[in-house]
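Working notes, structure below.
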Amino acid sequence: MAGEAHPTRGVPRAVDCQELRVKRELFDIPEGVIYLDGNSLGAPPAHVAERVHQVITHQWGTRLIRSWSEGWWEAPQRIGDRIGRLIGAAAGQVVVGDSTSVNVFKALMGAVKGTDRTEIVCDESTFPTDGYIAQSVASLTGLKIRAAHPSSLDLTSDTAVVLINHVDYRTGALNDMKALTEQAHDVGAQVVWDLCHSAGVLPIELDALNVDFAIGCTYKFLNGGPGSPAFIYVPKHRQATFENPLSGWNGHREPFAMEQSYEPDPGIVRARVGTPDILSMLALDAALDVWDDIDLAELQRRGLKLTALFREHVEKLTGLEVITPEARGNQISVRCPDAKAVMDRLIEKGVIGDHRPPDILRFGFAPLYVTDEDAIRAAEVLAEVTR
Ligand SMILES: Cc1ncc(COP(=O)(O)O)c(C=O)c1O
Ligand SMILES: Nc1c(O)cccc1C(=O)C[C@H](N)C(=O)O
């Protein structure tokens, strides 16, 4: 029956791993568009629409409620394991569901539960939702929140947990996961990594680096689709003590026993909350097919090459300042007066990036569908519109 619940994977191989080559034809990108916003919303792999259609017509339409026991119920763990491969997590430690914001909440609450320490340290340049959620956790628990730059966290024995972005959403800067995790552990603090801008960009070694918790979204470089479910990593050795602050029935050890009292599942399932959004989840599942044979180290080299190429061209332009450091994800950010108007003109000319206030142009380079020619042409168009 599982075969019926998971339609055949008829996806062409995404890349030749000997030498990672762009396989733009696997993606639905309109003719004439240079798409440099995969760091906000990844492009759809072309086969996803048909797979979602099958899910609707066959699984939902024909199998009806039987589909819950034909693959739907376990999908969050099964797809979590697929993401686990991309972030260095062995099976049984990642579950997919809810939004990134909700997973930040679960991870932080889990990390501070029972602590006698007094502060949560939050990456000062974080994407705002992480900071907002950390504020909620602080006000619910009575801990204080302290914003700090990853380069000077100043952790002490008061620090319960540090929340850091692996790649900064605004500048594209890559933070050193190994060094910062060790720094937290040296003072007995835990660390929660936000992988939104690094999953699907570079090799990540959560297990090997002894990371405490990680969360991330799937709609950027993983191309899961708008609002596709996020993920949370809770390593095996933390699962027995991890207390999900949102004790929904999906995390119960016997959800269909319909017991009145909550008893969490012993494993990663306890990080689930309520009924998963199956359509979105299975769209993500389909999108992940293009990752099955990707060598992430090779992918990272491609990303670095693309961003270096774009940077080299942009640095020749006057009035613009590339603010992305050498250690980076797949993003180049450029300080530019009137960034919004400039981005509007770029988009009119078919170069789609985005801007972040007050004056940052952002360009994301997803190596699976962005070519060297795209990078050079985008820089040329940027030169035209800022001339
Ligand atoms: C670093 C980071 N964290 C979290 C989010 C978003 O969270 P959510 O998926 O809950 O909207 C984003 C982008 O939207 C992000 O860039
Ligand atoms: N999640 C988004 C959304 O629902 C609408 C528009 C943009 C987003 C984003 O992902 C923004 C993104 N995290 C950023 O880096 O700015």
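Note on naming: chains are A, B, ... as they come in the structure tokens, residues start from 1 per chain, ligands start from 1 in the order shown.
With only C-alpha atoms and all ligand atoms as the atoms that count, the set of residues no farther than 8 Å from ligand 1 is Ser40, Ser99, Thr100, Ser101, Val102, Asn103, Thr126, Phe127, Pro128, Thr129, Asp130, Asn165, Val167, Asp168, Tyr169, Asp194, Leu195, Cys196, His197, Gly216, Cys217, Gly227, Pro229 and Ala230 of chain A.
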With N, CA and C atoms retained, write the just-selected residues as a PDB file, in the first residue's frame.
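Result saved to result21.pdb:
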```pdb
ATOM      1  N   SER A  40      14.823  33.118  -0.543  1.00  0.00           N
ATOM      2  CA  SER A  40      13.572  33.503   0.114  1.00  0.00           C
ATOM      3  C   SER A  40      12.483  32.493  -0.252  1.00  0.00           C
ATOM      4  N   SER A  99       5.724  25.805  11.443  1.00  0.00           N
ATOM      5  CA  SER A  99       6.562  26.820  10.794  1.00  0.00           C
ATOM      6  C   SER A  99       7.902  26.889  11.518  1.00  0.00           C
ATOM      7  N   THR A 100       8.834  27.597  10.924  1.00  0.00           N
ATOM      8  CA  THR A 100      10.125  27.792  11.596  1.00  0.00           C
ATOM      9  C   THR A 100       9.910  28.474  12.937  1.00  0.00           C
ATOM     10  N   SER A 101       9.054  29.499  12.944  1.00  0.00           N
ATOM     11  CA  SER A 101       8.822  30.247  14.187  1.00  0.00           C
ATOM     12  C   SER A 101       8.377  29.305  15.308  1.00  0.00           C
ATOM     13  N   VAL A 102       7.450  28.422  14.985  1.00  0.00           N
ATOM     14  CA  VAL A 102       6.941  27.492  16.009  1.00  0.00           C
ATOM     15  C   VAL A 102       8.058  26.562  16.471  1.00  0.00           C
ATOM     16  N   ASN A 103       8.891  26.153  15.547  1.00  0.00           N
ATOM     17  CA  ASN A 103       9.991  25.262  15.928  1.00  0.00           C
ATOM     18  C   ASN A 103      11.064  25.982  16.743  1.00  0.00           C
ATOM     19  N   THR A 126      19.639  38.639  13.921  1.00  0.00           N
ATOM     20  CA  THR A 126      18.769  37.556  13.484  1.00  0.00           C
ATOM     21  C   THR A 126      17.579  38.022  12.661  1.00  0.00           C
ATOM     22  N   PHE A 127      17.071  37.117  11.832  1.00  0.00           N
ATOM     23  CA  PHE A 127      15.784  37.375  11.196  1.00  0.00           C
ATOM     24  C   PHE A 127      14.778  37.616  12.324  1.00  0.00           C
ATOM     25  N   PRO A 128      13.964  38.671  12.187  1.00  0.00           N
ATOM     26  CA  PRO A 128      13.180  39.119  13.346  1.00  0.00           C
ATOM     27  C   PRO A 128      12.356  38.049  14.057  1.00  0.00           C
ATOM     28  N   THR A 129      11.785  37.113  13.327  1.00  0.00           N
ATOM     29  CA  THR A 129      10.898  36.176  14.016  1.00  0.00           C
ATOM     30  C   THR A 129      11.629  35.424  15.133  1.00  0.00           C
ATOM     31  N   ASP A 130      12.894  35.093  14.934  1.00  0.00           N
ATOM     32  CA  ASP A 130      13.631  34.364  15.974  1.00  0.00           C
ATOM     33  C   ASP A 130      13.728  35.203  17.255  1.00  0.00           C
ATOM     34  N   ASN A 165      21.900  32.177  13.916  1.00  0.00           N
ATOM     35  CA  ASN A 165      21.657  31.830  12.511  1.00  0.00           C
ATOM     36  C   ASN A 165      22.949  31.307  11.901  1.00  0.00           C
ATOM     37  N   VAL A 167      23.548  31.094   8.602  1.00  0.00           N
ATOM     38  CA  VAL A 167      23.859  32.122   7.599  1.00  0.00           C
ATOM     39  C   VAL A 167      22.934  33.305   7.870  1.00  0.00           C
ATOM     40  N   ASP A 168      23.517  34.477   7.957  1.00  0.00           N
ATOM     41  CA  ASP A 168      22.764  35.694   8.262  1.00  0.00           C
ATOM     42  C   ASP A 168      21.864  36.062   7.078  1.00  0.00           C
ATOM     43  N   TYR A 169      20.586  36.274   7.349  1.00  0.00           N
ATOM     44  CA  TYR A 169      19.631  36.504   6.245  1.00  0.00           C
ATOM     45  C   TYR A 169      19.910  37.801   5.511  1.00  0.00           C
ATOM     46  N   ASP A 194      19.670  28.130  13.727  1.00  0.00           N
ATOM     47  CA  ASP A 194      18.654  28.354  12.688  1.00  0.00           C
ATOM     48  C   ASP A 194      19.341  28.118  11.338  1.00  0.00           C
ATOM     49  N   LEU A 195      18.868  27.096  10.642  1.00  0.00           N
ATOM     50  CA  LEU A 195      19.510  26.680   9.385  1.00  0.00           C
ATOM     51  C   LEU A 195      18.747  27.170   8.150  1.00  0.00           C
ATOM     52  N   CYS A 196      17.840  28.131   8.326  1.00  0.00           N
ATOM     53  CA  CYS A 196      16.996  28.556   7.194  1.00  0.00           C
ATOM     54  C   CYS A 196      17.818  28.877   5.950  1.00  0.00           C
ATOM     55  N   HIS A 197      18.936  29.567   6.135  1.00  0.00           N
ATOM     56  CA  HIS A 197      19.700  30.024   4.971  1.00  0.00           C
ATOM     57  C   HIS A 197      20.927  29.161   4.687  1.00  0.00           C
ATOM     58  N   GLY A 216      14.808  24.858  10.969  1.00  0.00           N
ATOM     59  CA  GLY A 216      15.010  25.526   9.684  1.00  0.00           C
ATOM     60  C   GLY A 216      13.774  25.417   8.825  1.00  0.00           C
ATOM     61  N   CYS A 217      13.761  26.204   7.767  1.00  0.00           N
ATOM     62  CA  CYS A 217      12.621  26.150   6.857  1.00  0.00           C
ATOM     63  C   CYS A 217      13.000  25.330   5.632  1.00  0.00           C
ATOM     64  N   GLY A 227       5.483  28.375   2.099  1.00  0.00           N
ATOM     65  CA  GLY A 227       4.917  27.921   3.380  1.00  0.00           C
ATOM     66  C   GLY A 227       5.097  26.438   3.642  1.00  0.00           C
ATOM     67  N   PRO A 229       6.400  23.011   5.227  1.00  0.00           N
ATOM     68  CA  PRO A 229       6.671  22.862   6.659  1.00  0.00           C
ATOM     69  C   PRO A 229       8.149  22.946   7.003  1.00  0.00           C
ATOM     70  N   ALA A 230       8.398  23.417   8.196  1.00  0.00           N
ATOM     71  CA  ALA A 230       9.763  23.575   8.703  1.00  0.00           C
ATOM     72  C   ALA A 230      10.219  22.253   9.331  1.00  0.00           C
TER      73      ALA A 230
END
```
Quick one: pick out all strand (DSSP E) residues within segment 203-250 of chain A from a backbone DSSP run and write them as a list in words. Phe213, Ala214, Ile215, Gly216, Phe231, Ile232 and Tyr233 of chain A
Residues of segment 169-235 of chain A that approach segment 366-377 of chain A to 9 Å or less, counting only C-alpha atoms: could you list each one with the shortest pair of atoms and its distance in Å to one decimal, rows by chain and increasing residue number, as JSON lines?
```
{"residue": "A:Gly200", "atom": "CA", "partner": "A:Ala366", "partner_atom": "CA", "distance": 8.8}
{"residue": "A:Val201", "atom": "CA", "partner": "A:Ala366", "partner_atom": "CA", "distance": 7.8}
{"residue": "A:Phe221", "atom": "CA", "partner": "A:Ala366", "partner_atom": "CA", "distance": 6.5}
```
Within 9 Å of Thr318 of chain A using only C-alpha atoms, minus same-chain residues under 2 positions, as a list in words: Val314, Glu315, Lys316, Leu320, Glu321, Ala383, Thr386 and Arg387 of chain A
Restricting it to C-alpha atoms, dump the selection as a CSV table (one decimal), in the first residue's frame.
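The resulting again27.csv:
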```csv
chain,number,residue,atom,x,y,z
A,314,VAL,CA,29.6,44.1,-8.8
A,315,GLU,CA,32.7,45.3,-7.0
A,316,LYS,CA,33.6,47.2,-10.2
A,320,LEU,CA,27.5,50.0,-4.5
A,321,GLU,CA,29.1,48.2,-1.6
A,383,ALA,CA,25.1,48.1,-13.8
A,386,THR,CA,22.3,52.0,-11.3
A,387,ARG,CA,24.2,53.9,-14.0
```
Of the residues A:Gly225, A:Ala208, A:Tyr262, A:Gln300, which is the one nearest to ligand 2, using only C-alpha atoms and all ligand atoms? A:Gly225
Distance query Asn39 of chain A at most 7 Å, only C-alpha atoms, self and fewer than 2 positions along chain excluded, as a PyMOL selection string: chain A and resi 37+41-42+197+220-221+364
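Comparing A:Lys144, A:His252, A:Arg66, A:Arg170 by their smallest distance to ligand 2, the closest is A:Arg170 (using only C-alpha atoms and all ligand atoms).
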Best match for closeness to ligand 2 among A:Ala240, A:Ala147, A:Leu361, A:Val192, counting only C-alpha atoms and all ligand atoms: A:Leu361
Which residues come within 10 Å of segment 154-164 of chain A, counting only C-alpha atoms, excluding same-chain residues fewer than 2 positions away, as a ChimeraX atom specification? /A:104,107-109,111-113,115-127,130-131,134,143-152,166-168,175,177,180-181,183-195,212-214
Which residue of A:Met258, A:Ile232, A:Ala286, A:Ala89 approaches Ala49 of chain A most closely, using only C-alpha atoms: A:Ala286
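Minimum atom-to-atom distance to Leu288 of chain A, evaluated using only C-alpha atoms, belongs to A:Ala199 out of A:Val234, A:Ala199, A:Leu317, A:Ile332.
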I need the residues of segment 50-187 of chain A that end up classed as helix (DSSP H, G or I) by DSSP on the backbone, written out as a PyMOL selection string. chain A and resi 50-60+64-70+75-87+100-112+128-141+150-152+177-186
Quick one: residues within 8 Å of Gly172 of chain A, only C-alpha atoms, excluding same-chain residues fewer than 5 positions away - as a list in words? Val167, Thr324, Pro325, Arg328, Gly329, Asn330, Gln331, Ile332 and Ser333 of chain A
With C-alpha atoms kept, could you save the residues just selected as a CSV table (one decimal), in the first residue's frame?
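File part_36.csv, as written:
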```csv
chain,number,residue,atom,x,y,z
A,167,VAL,CA,23.9,32.1,7.6
A,324,THR,CA,28.8,39.9,2.2
A,325,PRO,CA,32.0,38.6,3.8
A,328,ARG,CA,29.3,33.1,3.2
A,329,GLY,CA,26.3,31.2,2.1
A,330,ASN,CA,24.8,31.4,-1.4
A,331,GLN,CA,24.0,35.0,-1.1
A,332,ILE,CA,25.5,38.3,-2.1
A,333,SER,CA,24.2,41.4,-0.4
```
Env of segment 21-30 of chain A: 12 Å cut, atoms = only C-alpha atoms, seq-sep filter 5 positions within chain, self excluded. Answer as an MDAnalysis selection string. chainID A and resid 10:16 35:38 42:49 223 287 289:291 294:295 298:299 301:303 306 350:352 365:374
Put those residues in a file: C-alpha atoms, as a tab-separated table (two decimals), in the first residue's frame.
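Writing done, so here's again-v4.tsv:
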```
chain	number	residue	atom	x	y	z
A	10	GLY	CA	10.09	9.28	-11.85
A	11	VAL	CA	12.52	12.11	-11.45
A	12	PRO	CA	15.54	12.44	-13.67
A	13	ARG	CA	18.85	12.58	-11.85
A	14	ALA	CA	19.36	16.14	-10.75
A	15	VAL	CA	23.06	16.39	-11.28
A	16	ASP	CA	26.08	14.57	-12.40
A	35	TYR	CA	15.94	33.95	-10.53
A	36	LEU	CA	18.10	35.11	-7.64
A	37	ASP	CA	15.59	34.84	-4.82
A	38	GLY	CA	15.93	31.16	-3.97
A	42	GLY	CA	13.06	28.42	-3.98
A	43	ALA	CA	11.89	27.65	-7.51
A	44	PRO	CA	9.62	24.66	-8.07
A	45	PRO	CA	11.16	21.46	-9.40
A	46	ALA	CA	9.06	20.72	-12.49
A	47	HIS	CA	7.80	17.32	-11.34
A	48	VAL	CA	6.27	18.63	-8.12
A	49	ALA	CA	3.02	19.84	-9.69
A	223	ASN	CA	12.49	24.35	-2.84
A	287	ALA	CA	10.89	18.55	-4.19
A	289	ASP	CA	13.91	14.13	-4.88
A	290	VAL	CA	16.32	16.46	-6.64
A	291	TRP	CA	18.57	16.29	-3.56
A	294	ILE	CA	23.66	15.76	-4.48
A	295	ASP	CA	27.13	16.00	-3.06
A	298	GLU	CA	30.41	19.99	-4.51
A	299	LEU	CA	27.25	22.06	-4.30
A	301	ARG	CA	31.87	24.87	-4.31
A	302	ARG	CA	29.43	25.74	-7.10
A	303	GLY	CA	27.66	28.24	-4.86
A	306	LEU	CA	28.65	31.71	-8.54
A	350	GLY	CA	13.85	40.00	-15.42
A	351	VAL	CA	16.44	39.82	-12.62
A	352	ILE	CA	14.56	38.78	-9.51
A	365	PHE	CA	22.40	31.90	-5.99
A	366	ALA	CA	20.85	28.44	-5.97
A	367	PRO	CA	23.46	26.35	-7.77
A	368	LEU	CA	20.92	23.84	-9.01
A	369	TYR	CA	19.30	26.33	-11.34
A	370	VAL	CA	21.46	29.44	-11.51
A	371	THR	CA	24.19	29.49	-14.15
A	372	ASP	CA	27.45	31.40	-14.46
A	373	GLU	CA	25.86	33.30	-17.33
A	374	ASP	CA	22.97	34.29	-15.04
```
For atom CA of Gly353 of chain A and atom CA of Ile34 of chain A, the interatomic separation in Å (one decimal): 8.8 Å
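The gap separating atom CA of Met343 of chain A from atom CA of Glu380 of chain A is 13.7 Å, in Å to one decimal.
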